[in-house]
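A.B. asks: Pasting a structure below so you can have a look.
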Amino acid sequence: MKHFLLLAGLTVASLSASAQSTSSSSTSLSPSAAIDSPAKFLGYQIGERFTPHHRVLAYAEQVARQLPSRIKLIPYGTSYEGRQLMVVAIGSEANMSRLEEIRTNNLKRIGLMDGTPTASSQPPIAWLSYNVHGNEAVSSEAFMDVLYHLLSSSDAVAKKIMSTTVVILDPGLNPDGHDRYVNWYNQMQGRVADPIPSAREHNEPWPGGRYTHYLFDPNRDWAWQTQEITQQRMALYQQWMPQLHGDFHEMGVESPYYFAPSAKPYHEDVTPFQRQFQQTIGQYCSRYFDKNGWLYYTRERFDLFYPSYGDTYPTYNGAIGMTFEQGGSGRAGLAIEKADGDTLTLRQRIDHHFASSIATLESVADRPTEIVKEFGQFFDKSRNTPIGAYKSYVIKSSGDAGRIKALQQLLERNKISYGYAGKAQNVAGGFNYTTQKTDKTVAITADDIVISAYQPKSTLLKILFEQNSKLEDSATYDITAWSLPYAFGLQTYGLTTRLNPGSTQLATATPAAAVNPQTRPYAYVVKWQSLPAVQMLAGLLKQKIRVRAAEKPFELENKTYPSGTLIVTRAGNERFGDRFDALVRAEATRTGADLTPVQTGFVTTGSDFGSDFVSGLKAPRVAVVVGEGTPPPSAGEVWHYFDQELQYPITLVDGNTLGNVQWNKLDVLILPTNYNYSRFLNEKTLNAIKEWVRAGGKLIAMERAASFLAGKDGFELKEKEDKSADKSKKGDNTDTLKRYIDRERTAVSDDIPGSIYRVNIDTSHPLGFGLSGGYYSLVQNAFNFDYLKEGWNVGYLKTDNYVAGFSGKNAKEKLKNTLVMGVQSLGRGSVVYLADDPLFRGFWYNGKLLFANAVFMVGN
């Protein structure tokens with residue numbers, strides 16, 4: 001506790017001309033302040049306990065009542081669990097009186113709003129985000145200290161920040177996760193905090209408070225915006241477009257404090273000014289930390305590469321973005337003893353975040369004109385001389401409105417403009433993402449999507465669409481490939497010439513379910529090619545409408561339909577009477593599925609609708625294993641997919657209760673990746689699962705779950721023989737010895753942190769239905785599976801299937817001639833092996849159809 005006691009005694013530290021100490025603001029501010037301190041409002045000193053989200057917001061509301069001319073509360077939505085989302089804008093009275101003008105002028109200057117700015121200059125907008133990971137709860141506490149200090153302090157730094165800058169503070173980006181942690185910890189807390197690491201208050205139960213309601217990591221969702229809290233926050237962010245964004249986190253207990261400059265790799269498109277300002281932030285923060293004798297580090301671990309973080313996404317949108325990491329996280333509680341014998345307290349953690357917040361804002365306040373100027377130049381260049389080889393992108397319509405609509409939605413949420421080609425034309429020279437070669441001529445049709453690089457969001461566009469991002473350092477913090485054409489499975493071309501898009505609406509567009517309500521067709525058909533078809537199937541099955549699927553492609557009434565096409569016949573659904581047509585059409589309208597009425601079941605080619613090759617689809621009863629050992633996002637992705645995207649029932653089964661499952665009430669069991677299956681799936685439980693599969697059940701094993709089953713009795717999956725094993729060698733091998741200092745670099749040889757591979761697909765198998773355009777997998781583990789000898793090798797890698805991202809040399813070798821997805825028959829049931837996670841972070845759109853095949857198509 002020595003460090004804490006020294007800190008509590010600090011009052012004023014002359015870090016610059018008149019910078020205030022970063023000790024507890026509640027004891028060092030002017031007693032004549034017009035607003036309540038956090039301690040006065042809450043009834044306890046900040047750092048004595050954790051504050052629930054609603055009380056944090058209530059404090060901001062109290063300050064707004066007491067000082068309305070200096071603060072504006074901006075609600076922007078609610079979480080899944082109904083908690084308020086809100087940011088707080090603060091500044092001088094002069095700036096706050098023209099806050100809307102400042103906001104709109106900023107957007108006009110960068111081309112995201114029409115019109116001419118009403119003033120020649122403006123203050124920079126600095127946005128600080130707290131508590132994106134719910135159990136990194138210290139930053140919500142720091143928010144209250146920062147808010148109080150900036151609005152009540154008389155010191156020169158606070159006055160300078162308020163007079164030069166508009167500051168936006170978000171007290172809690174993930175309130176559901178925050179309150180999950182805080183409510184749990186406050187129940188564990190006794191009269192005095194127990195610093196012993198093994199105490200229950202330092203061992204948060206699964207799934208922990210880090211994640212959202214659906215167990216997604218919101219700090220990896222900035223670009224994809226799959227979660228409701230991200231969608232609402234990013235809609236607000238696009239209305240402000242700050243010049244600086246700070247993202248506040250916590251890490252392991254034993255780590256000190258991390259601030260900018262970031263580690264390598266920096267993405268090649270981070271500008272020289274942005275790189276230089278990373279150094280500036282570090283210099284300002286280090287002055288505060290040096291003065292107080294606090295440990296910190298920079299330039300390690302946290303890079304600027306993956307585009308969907310709270311530091312990279314703002315950076316690719318022209319801002320200065322950075323991450324701040326305090327040691328502690330959900331383990332630290334109010335106080336915890338570290339390995340060196342010192343005790344880390346909540347108050348210390350708050351002080352550190354408070355100091356870096358003020359230091360960062362001070363760095364902006366000292367350079368307001370330069371920051372606004374550089375920000376404007378970033379967007380001027382984007383609109384007039386965009387970076388990158390491609391000046392336009394063309395996405396072929398491919399007849400799949402579902403994929404196109406999903407991509408359009410992502411573009412719109414990121415304010416990336418696009419339009420339709422509007423007319424047929426041929427353009428010379430275009431990079432073909434599918435073949436990874438340049439075609440001499442690209443034939444464009446009127447309904448193809450065209451995206452011009454000459455627009456404000458050009459840099460973000462280039463990064464999201466780049467085929468293979470350039471890495472300056474292979475030791476990365478996250479995935480290294482994400483190219484949207486592969487994620488969405490859309491044929492895309494990058495053009496070196498400028499092509500201006502036309503209207504965002506097709507002149508010939510027709511509603512998806514524009515069917516004459518007076519007709520009584522023999523059946524309705526829906527092509528099985530993207531998520532809307534899956535959503536429609538789920539909706540029909542929930543209503544007990546019988547649906548069939550074509551095993552073979554067929555042609556009918558001059559149209560062709562692929563394997564997997566849904567067929568909804570009147571026959572078999574007679575019990576719905578006159579409601580049948582209205583129910584089917586309503587589902588098509590709700591989901592946007594492309595519904596086609598047909599007047600006969602007699603096909604031109606293929607199998608007639610009454611054939612054995614047209615199988616009935618049942619409504620499966622589905623469960624997913626969750627609980628200790630399972631990375632929460634792995635389970636959450638499955639839960640969110642069924643509950644939100646399909647709106648289809650799914651049961652969450654804790655792994656510890658697998659021995660008590662009533663197997664006769666279950667048709668599909670999903671095993672997401674898990675580190676503890678050896679404990680959950682003991683011999684007795686595994687035998688029960690095998691008997692259930694033999695009786696007709698379906699087991700879907702993903703990632704490490706598939707690895708766990710490999711080689712076990714009754715499961716056909718096997719790992720390949722390890723040919724890289726060290727064999728006896730002659731001669732002197734000292735040149736192969738590893739150096740300790742190079743251990744991190746050496747380890748990446750076996751690593752594949754997230755790379756794109758083209759998968760060879762058997763589209764005639766139900767697991768491959770709808771994937772005729774090809775499938776690209778985001779590979780994150782160097783799995784080493786042999787081909788199934790008796791089962792179906794539906795997806796596999798050959799020797800040359802690598803597409804993009806970093807893969808260590810040993811990992812690349814393992815992934816040659818390797819099974820990616822396969823199906824084993826076991827009695828009357830099936831085992832589906834998925835070496836990768838097709839639902840990864842909810843943004844790998846093509847994987848959503850693949851996973852639906854595993855659940856609804858395989859085994860029927």
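So you can find residues: chains in the structure tokens are A, B, ... in the order shown, residues in each start at 1, and ligands are numbered from 1 in order.
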Tell me, as a ChimeraX atom specification, which residues lie within 10 Å of Phe143 in chain A, counting only C-alpha atoms; anything in the same chain fewer than 5 positions away does not count.
C.D. replies: /A:56,60,128-131,138,148-149,169-172,350,353-354,357
A.B. asks: Taking 5 positions as the minimum chain separation for residues in the same chain, which residues sit within 9 Å of Leu334 in chain A when counting only C-alpha atoms? Answer as JSON, numbers by chain.
C.D. replies: {"A": [47, 48, 49, 50, 189, 193, 194, 195, 344, 345, 346, 347]}
A.B. asks: With DSSP run on the backbone, what are the alpha helix (DSSP H) residues within range 335-472 of chain A? I'd like them as a PyMOL selection string.
C.D. replies: chain A and resi 346-365+368-384+401-413+458-465
A.B. asks: Using only C-alpha atoms for the distances, tell me which of A:Met96, A:Gln225, A:Gly330, A:Ala453 is nearest to Gly177 in chain A.
C.D. replies: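 Closest to Gly177 in chain A, using only C-alpha atoms: A:Gly330.
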A.B. asks: Using only C-alpha atoms, I'd like a table of the residues in range 198-224 of chain A that come within 12 Å of range 637-642 of chain A; for each, show the closest atom pair and its distance in Å rounded to one decimal, ordered by chain and ascending number, as JSON lines.
C.D. replies:
{"residue": "A:Tyr211", "atom": "CA", "partner": "A:Glu637", "partner_atom": "CA", "distance": 11.6}
{"residue": "A:Thr212", "atom": "CA", "partner": "A:His640", "partner_atom": "CA", "distance": 10.8}
{"residue": "A:His213", "atom": "CA", "partner": "A:His640", "partner_atom": "CA", "distance": 9.3}
{"residue": "A:Tyr214", "atom": "CA", "partner": "A:His640", "partner_atom": "CA", "distance": 5.9}
{"residue": "A:Leu215", "atom": "CA", "partner": "A:Glu637", "partner_atom": "CA", "distance": 7.5}
{"residue": "A:Phe216", "atom": "CA", "partner": "A:Glu637", "partner_atom": "CA", "distance": 7.1}
{"residue": "A:Asp217", "atom": "CA", "partner": "A:Glu637", "partner_atom": "CA", "distance": 10.3}
A.B. asks: Any idea what's packed within 9 Å of Lys381 in chain A, counting only C-alpha atoms, ignoring anything in its chain fewer than 4 positions away? Could you give it as a list in words?
C.D. replies: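 Close residues of Lys381 in chain A: Gly376, Gln377, Thr385, Pro386, Ile387, Tyr454, Pro456 and Ser458 of chain A.
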A.B. asks: Mind the document's chain letters and residue numbers, and return as number ranges by chain the residues of range 539-611 of chain A that DSSP labels strand (DSSP E or B).
C.D. replies: A: 547-550, 554-556, 559-561, 566-569, 595-598, 605
A.B. asks: Please list as a VMD selection string every residue within 10 Å of Ala424 in chain A, counting only C-alpha atoms and excluding residues in the same chain fewer than 4 positions away.
C.D. replies: chain A and resid 443 to 448
A.B. asks: Only C-alpha atoms, please: the residues just picked out, written as a PDB file, in the first residue's frame.
C.D. replies:
ATOM      1  CA  ALA A 443     -18.023  -6.118 -68.215  1.00  0.00           C
ATOM      2  CA  ILE A 444     -20.291  -3.986 -66.034  1.00  0.00           C
ATOM      3  CA  THR A 445     -24.079  -4.255 -66.016  1.00  0.00           C
ATOM      4  CA  ALA A 446     -26.562  -1.582 -65.004  1.00  0.00           C
ATOM      5  CA  ASP A 447     -27.337  -3.202 -61.638  1.00  0.00           C
ATOM      6  CA  ASP A 448     -23.714  -3.639 -60.528  1.00  0.00           C
TER       7      ASP A 448
END
A.B. asks: Just to confirm, what's the straight-line distance from CA of Gly577 in chain A to CA of Phe856 in chain A in Å (one decimal)?
C.D. replies: 26.1 Å
